[in-house]
Every structure is written in C-alpha cells, then in structure tokens.
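Chemist: I'd like to ask some things about the structure below.
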Amino acid sequence: MAKTLSVLQIGSTDWSDAAEENGIALTHCDVTELPVFLAKQKDPDALSSSYVLLTDDGLDSNLLAKQVQAWPAHRVIYTGDAQTFSAKMQQALFERYAIYLKEDEPADVFTRIHKDLFLGQIGFPSRFSEDQFIPQNNYAWRQKRSGRFCYEIEGDFGDSYQQIGTLRTFPGDLSAGEENLLYADYDREGDVSLAFSFIFFKNGALQQMKLFENPDKELLPAVRAPKDYLDYQILVLAKGQGKLTLRNLHQRRSRHGLGHFLPGGQRMLTTEGEEVLSYFNPGTKKGPLVVAFAGTRLHVEGFEMMGTLNELGYPYLLFTDTRAQGGAFMVGTKSFENLVESRIREAQLTAEKTSEDTIFTGYSMGSYPAMYYASLLNAEYLVLGKPIINLGRFTGRPDFAHNGMNHDWTLDLRYVLTGRLDEADNETLDQKLWKNFEDNDFRPKKVGLFSMSYDEYDGKSLPELERYLAKVKADVEQHEETGHHEEKVPEMLAFIKKALKKQAKKGVK
C-alpha cells in the first residue's frame, strides 16, 4: 500500500481542491505568510510534507531562498518561470536539485506529482532463468544455458516473428494504469531481431497486446497496463537468423524523466551496454561525502540506506547493481569500473570533497565495492558490514544457500564477472581486491568493521582483511555479533550509522 503524498504549497492561490482530487494532502501558505508559518514549526528546517510546491512566478524572497537551502534535496517542486525568480532563488533551487514541472494547471500538476513523484521505489527483473523462462521446443534451434539466468538461442527463426518462449509473470508486477520502463539486457549476433509481446487479459479474454521490437537499452520503451486488467503474459519472439543471448528484462515504474527509482536517480550505460545506477544527495549538514553501495537484492531493485543517511544529513552518493540476481559487486569490465569511478569523482567535485573527506561504506555484497573503490581513489575512511572479500572463493560454491535455499546465484555472479563458469578463474577473482590494494598502496586511516561469528558467506576470509589492516596500521573499530551472515541486520545498521557519525566527527572534514 502506497503512502499518502503530502504537499506544502507556497503560492498566492490555494490549490487544495485539485490536490484533494488526486488524493494528496495539501497545506497552503502564501509567501507573505511564510515567516509566521515557519515560526509555528517546532523545527523550521525539518520538512514534514513529502514535497514543497512553489506555484508563483517572480519569486524574490530571501527567506524562502534560505529555507529551500535548508530543506532536503529533491523535495522542492516549482512550476513558475525560473527566469523571473531572483538570483538567490535560482541558486537555491539549483543547489537543492529542485524539480521543475512544465505543467501549470493545478489539476495537471497534481496528476503529475501523483504519477511521477510517488514515494518509494518500484522495480523488478524478469530473469531468463529456469524458473521464470519457459522456452519453446524446437529442435532446429540450438539452445544453451550459462548459469541459471543466461539463456542462449541460435538458429533461423524465419521472416516473421515466432515465439521462442514465455516469461512468467506474477500478480502485481504491473500497476493498473501505470507505465513501466523496459530495460532488456540482451545481446544479438547476425540479423536476428528480438521482440517482447505484452498480452493483457480480463475475465479470461484478451484485452490488449503491445509489441516491443529490439527494445533500446538507452531510450527504454514503456508499457502501460490497462486500468482494469486482471492478468498478463510476456511472450518472447524472434525472427531472422542469428544468435540471441538473453539475461534479464527489467521493469521499473516510470517517472517520465524525473529520475530512475528515486527522483534524481541517474542511469548511465557503459560501452558494452551495462547500466550504472546512482543517486546523489547533497545532504542538509556539513560533513563528509558518504559513498554507499547496495547489498544483495534478489527480487526487487533499487537503492539502499537512504533513511540512515538522511538522518545523518551528510552529502551522499548511492549505487545499486542490477546485472545478476542480487547484484555483481559493482565491479566488472574496465568500462564499467571507470564509469563508477567517474561518478564518484563527479560527486566529490559537486560536494567539494576530496578522497580525504570521503567515507566509503557497504554491507554484505556492498562491502566489496566499498573497499575496491576506496582503494582505487585512495580514500582513508571505511565502514563495512559483514564483508565479502575473496570473490573466487565466494562465487565458486555451487552448493551456496541464500535465505536457506540454493538458487546457484553465485554461479550467475561468476558468469557476469568472467563471462564463463571455470574454476581456473578462482585465483584471479580472489586476487582482484588484494591487487587493487597493492597497486594503489591502500592505507586506510580509520575502519569500522561489523562481523558475524559464524559468517558462512565469506567469514573465512575475514582474518586476511584483519591482517592487512593491521599491517598498514589502520585504526580499526571492530564489533562482532554471534550468528550467521543473514542475522542481526538491525544491529549492523546501527553500528554503521554510529561508525559513520564517529568518523565524520573525528577525522573527516
């Protein structure tokens, strides 16, 4: 159930009626009444509404400009002509990543807010796994699996589209009446074409059909579900002659240009067509830049740690990895890693921070890229939870279980990282992090480290990390809890928050 959106409207005309029609709770305040309104607030800088909406042209209030600077980023919306605003207002809106809506009629504005500025993140993958993809039987086609999620098919599929399989769908995948962006992670060789046919049903009868041919990885086509559909299917089609390598079909609720996953979320593509997803927030307090990497996300996609980092108030940059089931440690090809590094450097430049006042953090799968990119950028501060260190050892276990079940998902990671499933890659993968440490003479000053006594993921590698940190004389604050890798999550998050705050106070500018 989605949370109710609330809006603080600042403008000469009260738009409450239009807001109510869209189920949005609105509080109206005229610009001239702003001093009194703020004086009544327990904390004027705290924003109790989901968003602030500025609806007038010619905004020229120093108090309002100052208040915009104090409110959280990505939370102020304006509809007026920015060229008519004072220079201070324009600067405040720019620095706080304010959202411009071209709509100017109240009903249109609130419809847009309701549809595209919804709270939370909505995104999930349909994977070409043995569980989700049902191939058609045709002995004239050559079919192959690599891991569980990568499916290859090669042959002559004819001059017109024919079905090569079906992707299983689940109730609630597509919200009625809403648009999902489609990102198809696939490769093709020869003159073969790929298409996805979305078929919607109501009361057992065909209601609507939509075909997406060779979906562009950059432009991302959108599929809209009928308002009253009951069920849908995704047919996978091919024509022509050649080879298709199919991995994932990602669906994400569209914000129509306002961001990916979150308002302001950024999506970039490598030269190989892999996506790098990030989200930058300039924060509300002076302090370090925190670079955080998401942990394992098996069934839903999106960023993590926003709540904790918003409470701390420091500027932060988030990354999430969608390539394999749960992610792929945010490393890979040179093109991919260069793009991640450049995004971090861009955030440092924006926040006016250097690697000396940047903290890298992550837990579980996110711990590895935190260490990797901290060493790449010669950072001095780290906060880690349940670290995973040796990727060869970790991904070379076919009997690995997650949440008590074995899905062979570590083999899928291996395929993303190396392009094959070969034990000969174990040593190279294990040495990837250590080589990065050595090549960059990585010597962190302060490390917060949360670990579990019976960590079955990569706990056996922890002593290696401890020895390295001792060797370079890092100041390590370590906390160990009794239990397995998937336990004590609240305790871990509390430790990370406390460690970030402590490092920010003691050493980082």
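Letters A, B, ... go to the chains of the structure tokens in the order shown; residues in each chain start at 1; ligands are counted from 1 in the same order.
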For His28 (chain A), list every protein, DNA or RNA residue within 9 Å, evaluated using only C-alpha atoms, and leave out those in the same chain fewer than 2 positions away; present the list as a ChimeraX atom specification.

Modeler: /A:7-11,13-16,26,30

Chemist: For C-alpha atoms, I'd like the residues from the last selection saved as a PDB file, in the first residue's frame.

Modeler:
```pdb
ATOM      1  CA  VAL A   7       2.450  18.729  -0.208  1.00  0.00           C
ATOM      2  CA  LEU A   8       3.235  22.124   1.287  1.00  0.00           C
ATOM      3  CA  GLN A   9       2.145  24.604  -1.372  1.00  0.00           C
ATOM      4  CA  ILE A  10       3.670  28.073  -1.259  1.00  0.00           C
ATOM      5  CA  GLY A  11       1.835  30.420  -3.589  1.00  0.00           C
ATOM      6  CA  THR A  13      -3.593  30.882  -4.921  1.00  0.00           C
ATOM      7  CA  ASP A  14      -4.710  27.904  -2.830  1.00  0.00           C
ATOM      8  CA  TRP A  15      -4.738  24.677  -4.891  1.00  0.00           C
ATOM      9  CA  SER A  16      -6.323  22.466  -2.226  1.00  0.00           C
ATOM     10  CA  LEU A  26      -2.119  19.809   0.897  1.00  0.00           C
ATOM     11  CA  ASP A  30       1.239  32.410   0.902  1.00  0.00           C
TER      12      ASP A  30
END
```

Chemist: What lies within 7 Å of region 63-76 of chain A using only C-alpha atoms, ignoring chain neighbours under 6 positions off, as a count of residues only?

Modeler: 20

Chemist: Pick the closest to Arg148 (chain A) from A:Ala324, A:Val489, A:Leu417, A:Val472: which is it, counting only C-alpha atoms?

Modeler: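 Smallest separation from Arg148 (chain A) among the options: A:Ala324.
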